[in-house]
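*Asks:* upload-v8.json is the file, holding JSON, C-alpha atoms:
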[["chain", "number", "residue", "atom", "x", "y", "z"],
["A", 131, "MET", "CA", -41.50, 165.01, 82.32],
["A", 132, "ASP", "CA", -40.60, 168.24, 80.54],
["A", 133, "HIS", "CA", -43.62, 170.54, 80.16],
["A", 134, "SER", "CA", -41.62, 173.49, 78.79],
["A", 135, "THR", "CA", -42.60, 172.87, 75.15],
["A", 136, "ASP", "CA", -45.82, 174.59, 74.05],
["A", 137, "ARG", "CA", -48.30, 171.93, 72.98],
["A", 138, "ASN", "CA", -49.30, 174.13, 70.05],
["A", 139, "LEU", "CA", -45.78, 173.87, 68.62],
["A", 140, "GLU", "CA", -44.05, 170.96, 66.96],
["A", 141, "PRO", "CA", -40.34, 170.44, 67.69],
["A", 142, "ASP", "CA", -39.35, 171.17, 64.08],
["A", 143, "SER", "CA", -41.28, 174.41, 63.65],
["A", 144, "GLY", "CA", -41.54, 177.75, 65.39],
["A", 145, "ILE", "CA", -45.01, 178.43, 63.96],
["A", 146, "PRO", "CA", -47.98, 177.55, 66.20],
["A", 147, "ILE", "CA", -50.16, 174.81, 64.71],
["A", 148, "LEU", "CA", -53.29, 177.00, 64.66],
["A", 149, "GLU", "CA", -51.45, 179.72, 62.71],
["A", 150, "ARG", "CA", -50.03, 177.48, 59.98],
["A", 151, "PRO", "CA", -52.95, 177.64, 57.52],
["A", 152, "PHE", "CA", -52.85, 181.46, 57.67],
["A", 153, "HIS", "CA", -49.07, 181.38, 57.31],
["A", 154, "LEU", "CA", -49.43, 179.38, 54.08],
["A", 155, "LEU", "CA", -52.04, 181.71, 52.60],
["A", 156, "GLY", "CA", -49.54, 184.57, 52.79],
["A", 157, "PHE", "CA", -47.42, 182.96, 50.06],
["A", 158, "PHE", "CA", -50.14, 183.24, 47.39],
["A", 159, "SER", "CA", -49.84, 186.42, 45.33],
["A", 160, "PRO", "CA", -50.50, 187.75, 41.80],
["A", 161, "GLU", "CA", -46.85, 186.93, 40.99],
["A", 162, "ARG", "CA", -47.19, 183.39, 42.38],
["A", 163, "PRO", "CA", -50.88, 182.35, 42.29],
["A", 164, "SER", "CA", -50.29, 178.58, 42.49],
["A", 165, "TRP", "CA", -48.02, 176.28, 44.46],
["A", 166, "THR", "CA", -47.21, 172.58, 44.59],
["A", 167, "LEU", "CA", -47.09, 170.96, 48.00],
["A", 168, "SER", "CA", -43.32, 170.53, 47.81],
["A", 169, "ALA", "CA", -42.67, 174.12, 46.77],
["A", 170, "LEU", "CA", -44.99, 175.54, 49.40],
["A", 171, "ALA", "CA", -43.43, 173.42, 52.15],
["A", 172, "ARG", "CA", -39.96, 174.49, 51.07],
["A", 173, "GLU", "CA", -40.82, 178.18, 50.85],
["A", 174, "SER", "CA", -42.82, 178.28, 54.09],
["A", 175, "GLY", "CA", -40.29, 176.31, 56.12],
["A", 176, "LEU", "CA", -42.93, 173.86, 57.31],
["A", 177, "PRO", "CA", -42.38, 170.09, 57.22],
["A", 178, "LYS", "CA", -44.15, 168.58, 54.24],
["A", 179, "ALA", "CA", -46.55, 166.56, 56.41],
["A", 180, "SER", "CA", -47.48, 169.64, 58.47],
["A", 181, "CYS", "CA", -47.94, 171.65, 55.29],
["A", 182, "LEU", "CA", -50.28, 169.01, 53.85],
["A", 183, "ARG", "CA", -52.40, 168.96, 57.01],
["A", 184, "SER", "CA", -52.82, 172.74, 56.84],
["A", 185, "ILE", "CA", -53.65, 172.58, 53.13],
["A", 186, "ARG", "CA", -56.37, 170.01, 53.78],
["A", 187, "VAL", "CA", -57.98, 172.31, 56.35],
["A", 188, "LEU", "CA", -57.92, 175.19, 53.84],
["A", 189, "GLU", "CA", -59.39, 172.94, 51.14],
["A", 190, "LYS", "CA", -62.15, 171.80, 53.45],
["A", 191, "TYR", "CA", -63.32, 175.37, 53.98],
["A", 192, "ARG", "CA", -62.75, 176.33, 50.31],
["A", 193, "PHE", "CA", -59.89, 178.73, 50.97],
["A", 194, "LEU", "CA", -57.74, 176.62, 48.62],
["A", 195, "ARG", "CA", -58.59, 174.44, 45.64],
["A", 196, "ARG", "CA", -56.48, 171.83, 43.94],
["A", 197, "GLU", "CA", -55.74, 171.83, 40.21],
["A", 198, "GLY", "CA", -53.65, 168.79, 39.34],
["A", 199, "ASP", "CA", -50.50, 169.00, 41.45],
["A", 200, "GLU", "CA", -50.97, 172.65, 42.34],
["A", 201, "TYR", "CA", -53.09, 174.65, 44.79],
["A", 202, "ARG", "CA", -54.80, 178.00, 44.17],
["A", 203, "LEU", "CA", -56.92, 180.32, 46.26],
["A", 204, "GLY", "CA", -60.49, 179.07, 46.53],
["A", 205, "SER", "CA", -64.00, 180.43, 46.15],
["A", 206, "GLN", "CA", -64.32, 181.41, 49.81],
["A", 207, "PHE", "CA", -62.18, 184.47, 49.14],
["A", 208, "ILE", "CA", -64.57, 185.61, 46.40],
["A", 209, "ARG", "CA", -67.52, 185.35, 48.77],
["A", 210, "LEU", "CA", -65.76, 187.09, 51.64],
["A", 211, "GLY", "CA", -64.24, 189.73, 49.37],
["A", 212, "ALA", "CA", -67.64, 190.61, 47.92],
["A", 213, "PHE", "CA", -69.10, 190.83, 51.42],
["A", 214, "VAL", "CA", -66.31, 193.15, 52.63],
["A", 215, "GLN", "CA", -66.68, 195.41, 49.60],
["A", 216, "GLU", "CA", -70.47, 195.61, 49.80],
["A", 217, "SER", "CA", -70.37, 196.29, 53.53],
["A", 218, "SER", "CA", -68.10, 199.32, 53.05],
["A", 219, "PRO", "CA", -70.16, 202.53, 52.67],
["A", 220, "SER", "CA", -67.19, 204.53, 51.34],
["A", 221, "ARG", "CA", -66.55, 201.91, 48.65],
["A", 222, "ALA", "CA", -70.15, 202.07, 47.45],
["A", 223, "ILE", "CA", -70.00, 205.86, 47.19],
["A", 224, "ALA", "CA", -66.51, 205.90, 45.66],
["A", 225, "LEU", "CA", -67.07, 203.43, 42.82],
["A", 226, "PRO", "CA", -69.07, 205.80, 40.55],
["A", 227, "TYR", "CA", -66.35, 208.43, 41.03],
["A", 228, "LEU", "CA", -63.67, 205.90, 40.06],
["A", 229, "GLU", "CA", -65.63, 204.94, 36.96],
["A", 230, "ARG", "CA", -66.13, 208.58, 36.00],
["A", 231, "LEU", "CA", -62.44, 209.27, 36.49],
["A", 232, "ARG", "CA", -61.57, 206.30, 34.29],
["A", 233, "ASN", "CA", -64.03, 207.40, 31.60],
["A", 234, "THR", "CA", -62.86, 211.04, 31.65],
["A", 235, "THR", "CA", -59.12, 210.37, 31.57],
["A", 236, "GLY", "CA", -59.13, 207.08, 29.67],
["A", 237, "HIS", "CA", -56.76, 205.65, 32.30],
["A", 238, "THR", "CA", -57.09, 203.11, 35.09],
["A", 239, "SER", "CA", -58.44, 204.52, 38.36],
["A", 240, "GLN", "CA", -57.65, 203.04, 41.77],
["A", 241, "TRP", "CA", -58.65, 203.13, 45.43],
["A", 242, "ALA", "CA", -56.02, 202.24, 48.03],
["A", 243, "VAL", "CA", -56.26, 202.04, 51.82],
["A", 244, "LEU", "CA", -53.80, 201.67, 54.66],
["A", 245, "ASP", "CA", -53.60, 198.20, 56.19],
["A", 246, "GLY", "CA", -51.11, 198.07, 59.04],
["A", 247, "SER", "CA", -47.77, 199.18, 57.63],
["A", 248, "GLU", "CA", -48.71, 198.50, 53.99],
["A", 249, "GLY", "CA", -51.09, 199.82, 51.39],
["A", 250, "VAL", "CA", -53.76, 197.72, 49.66],
["A", 251, "TYR", "CA", -55.48, 198.48, 46.36],
["A", 252, "THR", "CA", -59.05, 197.43, 47.17],
["A", 253, "GLU", "CA", -60.62, 198.74, 43.96],
["A", 254, "VAL", "CA", -59.13, 198.94, 40.46],
["A", 255, "VAL", "CA", -61.24, 200.19, 37.53],
["A", 256, "GLN", "CA", -59.22, 199.20, 34.50],
["A", 257, "ALA", "CA", -58.87, 201.37, 31.40],
["A", 258, "GLN", "CA", -61.24, 200.22, 28.68],
["A", 259, "ALA", "CA", -58.52, 200.29, 26.04],
["A", 260, "GLY", "CA", -54.77, 200.38, 25.83],
["A", 261, "LEU", "CA", -52.30, 199.14, 28.41],
["A", 262, "ARG", "CA", -53.65, 197.32, 31.46],
["A", 263, "LEU", "CA", -51.45, 198.02, 34.44],
["A", 264, "TYR", "CA", -49.78, 195.63, 36.83],
["A", 265, "ILE", "CA", -52.02, 196.64, 39.74],
["A", 266, "VAL", "CA", -54.89, 194.30, 40.64],
["A", 267, "PRO", "CA", -57.49, 194.40, 43.45],
["A", 268, "GLY", "CA", -56.00, 193.12, 46.69],
["A", 269, "GLN", "CA", -52.43, 193.97, 45.71],
["A", 270, "ARG", "CA", -50.31, 195.11, 48.63],
["A", 271, "VAL", "CA", -47.61, 197.77, 48.34],
["A", 272, "GLN", "CA", -44.84, 199.13, 50.54],
["A", 273, "LEU", "CA", -45.41, 202.73, 51.58],
["A", 274, "TYR", "CA", -42.13, 204.22, 50.40],
["A", 275, "CYS", "CA", -42.68, 204.11, 46.62],
["A", 276, "GLY", "CA", -45.60, 204.71, 44.28],
["A", 277, "ALA", "CA", -48.00, 207.66, 44.37],
["A", 278, "SER", "CA", -50.86, 205.96, 46.25],
["A", 279, "ALA", "CA", -48.40, 204.48, 48.75],
["A", 280, "ARG", "CA", -46.76, 207.87, 49.35],
["A", 281, "LEU", "CA", -50.18, 209.44, 49.86],
["A", 282, "LEU", "CA", -51.10, 206.78, 52.42],
["A", 283, "LEU", "CA", -47.79, 207.33, 54.18],
["A", 284, "ALA", "CA", -48.37, 211.08, 54.42],
["A", 285, "PHE", "CA", -51.53, 210.55, 56.49],
["A", 286, "ALA", "CA", -50.49, 207.40, 58.34],
["A", 287, "PRO", "CA", -50.04, 207.20, 62.14],
["A", 288, "ASN", "CA", -46.62, 208.32, 63.36],
["A", 289, "SER", "CA", -45.62, 204.77, 64.31],
["A", 290, "VAL", "CA", -46.21, 203.59, 60.73],
["A", 291, "ARG", "CA", -44.39, 206.59, 59.29],
["A", 292, "GLU", "CA", -41.29, 206.06, 61.44],
["A", 293, "HIS", "CA", -41.24, 202.35, 60.67],
["A", 294, "THR", "CA", -41.43, 203.07, 56.92],
["A", 295, "PHE", "CA", -38.71, 205.71, 56.99],
["A", 296, "LEU", "CA", -36.27, 203.54, 58.94],
["A", 297, "ALA", "CA", -36.91, 200.17, 57.28],
["A", 298, "PRO", "CA", -34.70, 198.92, 54.40],
["A", 299, "HIS", "CA", -35.91, 200.10, 51.00],
["A", 300, "GLN", "CA", -35.66, 197.89, 47.93],
["A", 301, "ARG", "CA", -34.84, 199.60, 44.63],
["A", 302, "TYR", "CA", -37.27, 198.36, 41.95],
["A", 303, "THR", "CA", -36.18, 200.73, 39.19],
["A", 304, "HIS", "CA", -33.65, 203.54, 38.80],
["A", 305, "THR", "CA", -36.29, 206.06, 39.98],
["A", 306, "THR", "CA", -37.33, 204.23, 43.16],
["A", 307, "PRO", "CA", -36.72, 206.59, 46.12],
["A", 308, "THR", "CA", -34.66, 204.69, 48.70],
["A", 309, "SER", "CA", -32.70, 207.22, 50.76],
["A", 310, "LEU", "CA", -34.17, 208.78, 53.87],
["A", 311, "GLU", "CA", -33.57, 212.25, 52.44],
["A", 312, "GLU", "CA", -35.51, 211.45, 49.26],
["A", 313, "LEU", "CA", -38.38, 209.89, 51.17],
["A", 314, "LYS", "CA", -38.74, 212.77, 53.60],
["A", 315, "THR", "CA", -38.55, 215.39, 50.84],
["A", 316, "LEU", "CA", -41.31, 213.66, 48.84],
["A", 317, "ASP", "CA", -43.35, 213.13, 51.99],
["A", 318, "THR", "CA", -43.18, 216.82, 52.89],
["A", 319, "LEU", "CA", -44.31, 217.77, 49.38],
["A", 320, "THR", "CA", -47.27, 215.39, 49.60],
["A", 321, "GLN", "CA", -48.30, 216.67, 53.02],
["A", 322, "LYS", "CA", -48.19, 220.29, 51.82],
["A", 323, "THR", "CA", -50.02, 219.80, 48.51],
["A", 324, "TRP", "CA", -52.18, 216.71, 49.18],
["A", 325, "MET", "CA", -50.88, 215.23, 45.93],
["A", 326, "ALA", "CA", -48.39, 212.54, 44.93],
["A", 327, "ALA", "CA", -46.92, 211.36, 41.65],
["A", 328, "SER", "CA", -44.62, 208.51, 40.71],
["A", 329, "PHE", "CA", -42.82, 208.01, 37.42],
["A", 330, "GLY", "CA", -41.64, 204.43, 36.97],
["A", 331, "GLU", "CA", -40.85, 203.95, 40.68],
["A", 332, "VAL", "CA", -42.26, 200.42, 40.90],
["A", 333, "VAL", "CA", -42.51, 199.42, 37.23],
["A", 334, "GLU", "CA", -40.60, 201.07, 34.40],
["A", 335, "HIS", "CA", -42.53, 203.37, 32.05],
["A", 336, "SER", "CA", -45.56, 203.73, 34.32],
["A", 337, "VAL", "CA", -47.12, 206.84, 35.87],
["A", 338, "GLU", "CA", -49.38, 207.12, 38.90],
["A", 339, "LEU", "CA", -51.02, 210.29, 40.23],
["A", 340, "ALA", "CA", -52.78, 210.26, 43.61],
["A", 341, "ALA", "CA", -54.88, 212.45, 45.91],
["A", 342, "PRO", "CA", -56.43, 211.89, 49.37],
["A", 343, "VAL", "CA", -60.03, 211.11, 50.27],
["A", 344, "PHE", "CA", -61.39, 212.21, 53.65],
["A", 345, "GLY", "CA", -64.58, 211.49, 55.54],
["A", 346, "ALA", "CA", -66.47, 213.12, 58.39],
["A", 347, "ASN", "CA", -64.41, 214.98, 61.01],
["A", 348, "GLY", "CA", -61.48, 215.16, 58.60],
["A", 349, "HIS", "CA", -60.75, 211.44, 58.94],
["A", 350, "PHE", "CA", -58.41, 210.19, 56.20],
["A", 351, "LEU", "CA", -59.97, 207.27, 54.33],
["A", 352, "ALA", "CA", -58.03, 206.36, 51.21],
["A", 353, "ALA", "CA", -55.92, 207.39, 48.24],
["A", 354, "ILE", "CA", -57.61, 207.75, 44.89],
["A", 355, "SER", "CA", -55.32, 207.55, 41.88],
["A", 356, "ILE", "CA", -54.87, 207.39, 38.13],
["A", 357, "GLY", "CA", -52.48, 204.87, 36.59],
["A", 358, "ALA", "CA", -51.20, 204.89, 33.02],
["A", 359, "ALA", "CA", -48.24, 204.19, 30.78],
["A", 360, "SER", "CA", -45.70, 207.01, 30.56],
["A", 361, "THR", "CA", -46.61, 207.50, 26.89],
["A", 362, "ALA", "CA", -50.01, 208.82, 28.07],
["A", 363, "TYR", "CA", -48.25, 211.98, 29.30],
["A", 364, "PRO", "CA", -46.19, 213.46, 26.46],
["A", 365, "SER", "CA", -46.34, 216.99, 27.89],
["A", 366, "GLU", "CA", -46.60, 218.91, 31.12],
["A", 367, "GLN", "CA", -50.08, 220.07, 30.13],
["A", 368, "ASP", "CA", -51.31, 216.48, 30.01],
["A", 369, "ILE", "CA", -50.11, 215.86, 33.55],
["A", 370, "LYS", "CA", -51.56, 219.19, 34.74],
["A", 371, "ARG", "CA", -54.97, 218.35, 33.26],
["A", 372, "ASP", "CA", -55.18, 215.00, 35.03],
["A", 373, "LEU", "CA", -53.84, 216.37, 38.32],
["A", 374, "HIS", "CA", -56.70, 218.88, 38.33],
["A", 375, "LEU", "CA", -59.26, 216.21, 37.40],
["A", 376, "LEU", "CA", -57.96, 213.99, 40.17],
["A", 377, "ASN", "CA", -57.94, 216.80, 42.74],
["A", 378, "ASP", "CA", -61.50, 217.83, 41.83],
["A", 379, "THR", "CA", -62.70, 214.23, 42.03],
["A", 380, "ALA", "CA", -61.07, 213.69, 45.43],
["A", 381, "ARG", "CA", -62.65, 216.89, 46.77],
["A", 382, "GLU", "CA", -66.14, 216.05, 45.49],
["A", 383, "LEU", "CA", -65.93, 212.49, 46.76],
["A", 384, "SER", "CA", -64.70, 213.63, 50.17],
["A", 385, "HIS", "CA", -67.62, 216.04, 50.49],
["A", 386, "ASP", "CA", -70.03, 213.20, 49.63],
["A", 387, "LEU", "CA", -68.43, 211.17, 52.42],
["A", 388, "GLY", "CA", -69.01, 213.90, 54.98],
["A", 389, "TYR", "CA", -65.86, 216.02, 54.77],
["A", 390, "SER", "CA", -66.66, 219.69, 55.44],
["A", 391, "GLN", "CA", -63.31, 221.35, 56.14],
["A", 392, "ALA", "CA", -61.15, 223.45, 53.82],
["A", 393, "TRP", "CA", -59.68, 221.60, 50.87],
["A", 394, "LEU", "CA", -55.90, 222.01, 50.64],
["A", 395, "GLY", "CA", -55.17, 220.12, 47.43],
["A", 396, "ASP", "CA", -52.95, 222.27, 45.22],
["A", 397, "PRO", "CA", -52.08, 220.64, 41.88],
["A", 398, "ASP", "CA", -50.47, 223.76, 40.41],
["A", 399, "PHE", "CA", -47.99, 224.22, 43.27],
["A", 400, "PHE", "CA", -47.37, 220.49, 43.30],
["A", 401, "LEU", "CA", -46.49, 220.50, 39.60],
["A", 402, "THR", "CA", -44.25, 223.55, 40.07],
["A", 403, "MET", "CA", -42.38, 221.78, 42.85],
["A", 404, "LEU", "CA", -41.97, 218.60, 40.78],
["A", 405, "LYS", "CA", -40.37, 220.68, 38.03],
["A", 406, "GLY", "CA", -38.14, 222.51, 40.47],
["A", 407, "MET", "CA", -36.98, 219.21, 41.99],
["A", 408, "GLN", "CA", -36.37, 217.82, 38.49],
["A", 409, "LEU", "CA", -38.79, 214.98, 39.09],
["A", 410, "LEU", "CA", -40.87, 215.59, 35.99],
["A", 411, "PRO", "CA", -39.47, 213.25, 33.28],
["A", 412, "LEU", "CA", -40.50, 215.25, 30.22]]
Can the structure from this file be put into structure tokens for me?

*Replies:*
Amino acid sequence: MDHSTDRNLEPDSGIPILERPFHLLGFFSPERPSWTLSALARESGLPKASCLRSIRVLEKYRFLRREGDEYRLGSQFIRLGAFVQESSPSRAIALPYLERLRNTTGHTSQWAVLDGSEGVYTEVVQAQAGLRLYIVPGQRVQLYCGASARLLLAFAPNSVREHTFLAPHQRYTHTTPTSLEELKTLDTLTQKTWMAASFGEVVEHSVELAAPVFGANGHFLAAISIGAASTAYPSEQDIKRDLHLLNDTARELSHDLGYSQAWLGDPDFFLTMLKGMQLLPL
């Protein structure tokens, strides 16, 4: 008798049986929030019967719910998400700062953290009026484009940085930085000034400005950012105003979280460099 086959694997799949429910959950996203059984089996590469068994487990524990012929994420994620947010001290302290930043600028404010080799927006305080941006809580981003992502990359472990620099880079718009030279130049600027800006890098006609948040012992915690439509910044002065507001907010918040070292954020030099590099689309 041949005992070489792992009992946790089926002959027609390379995914261990215990991992299949988690594998399926990875296909749900803001762009594709619902799936039929057939579509999910086809996209995941699992046999339809195996896919259905995994779905039934996820339904049982309320990680998925069925609506007609389609499946969506279930209420268990709401419960767990609320627990994770409430159990995070930095989140509790940061939220009033995010709300103040939104109220002062009139734009959406965001909180993003590093998760492995990606960034995740864990808090998004939407603008009360005007354009609502594409970013939603829980949205994951690659670290090579977008202001928050670039800020996370600047303070990421070396292994994550090297992986990001060397990995293939998809071009989302004509301003998406994809070459190694572009990425390293922008990264150096962010490391020197503690600021990042993106102009339509992920979505056309959008602007994001970001600054770092640190905790005790100089530990990097997150990127705090402002997101708006490009029409919100008709002049250099408008960008300068919000860069200073963002920098001041990041510094105050960091001090509340225990940061006591010198603050190196430099919005004026950052803006000067953006102009010199012809990255300011005004």

*Asks:* Go through A:Glu189, A:Glu200, A:Glu382, A:Glu312 one by one, measure the shortest atom-to-atom distance of each to Ile354 of chain A using all atoms listed in the file, and give the residue with the smallest value.

*Replies:*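 The answer is A:Glu382, which sits nearest to Ile354 of chain A.
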
*Asks:* Excluding Phe329 of chain A and residues on its chain fewer than 2 positions from it, collect all residues at most 9 Å away from it, counting all atoms listed in the file, and give them as a compact mmCIF listing (two decimals) with C-alpha atoms, in the coordinates of the input.

*Replies:*
# COMPACT_ATOMS: atom_id res chain seq x y z
CA GLY A 276 -45.60 204.71 44.28
CA ALA A 277 -48.00 207.66 44.37
CA THR A 305 -36.29 206.06 39.98
CA THR A 306 -37.33 204.23 43.16
CA ALA A 327 -46.92 211.36 41.65
CA GLU A 331 -40.85 203.95 40.68
CA VAL A 332 -42.26 200.42 40.90
CA VAL A 333 -42.51 199.42 37.23
CA GLU A 334 -40.60 201.07 34.40
CA HIS A 335 -42.53 203.37 32.05
CA SER A 336 -45.56 203.73 34.32
CA VAL A 337 -47.12 206.84 35.87
CA GLU A 338 -49.38 207.12 38.90
CA LEU A 339 -51.02 210.29 40.23
CA SER A 360 -45.70 207.01 30.56
CA LEU A 409 -38.79 214.98 39.09
CA LEU A 410 -40.87 215.59 35.99
CA PRO A 411 -39.47 213.25 33.28

*Asks:* Counting all atoms listed in the file, which residue out of A:Leu244, A:Thr308, A:Leu210, A:Leu155 sits closest to Val271 of chain A?

*Replies:*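 Comparing A:Leu244, A:Thr308, A:Leu210, A:Leu155 against Val271 of chain A, the winner is A:Leu244.
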
*Asks:* Figure out the distance between atom CA of Thr320 of chain A and atom CA of Lys405 of chain A, please, to one decimal in Å.

*Replies:*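 Value for the atom CA of Lys405 of chain A-atom CA of Thr320 of chain A distance: 14.5 Å.
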
*Asks:* I'd like to know which of A:Ala297, A:Leu194, A:Ile145, A:Leu228 is closest to Leu176 of chain A, using only C-alpha atoms.

*Replies:* A:Ile145

*Asks:* Measuring atom to atom with all atoms listed in the file, identify which of A:Asp398, A:Glu253, A:Glu248, A:Asp199 is nearest to Ile369 of chain A.

*Replies:* A:Asp398
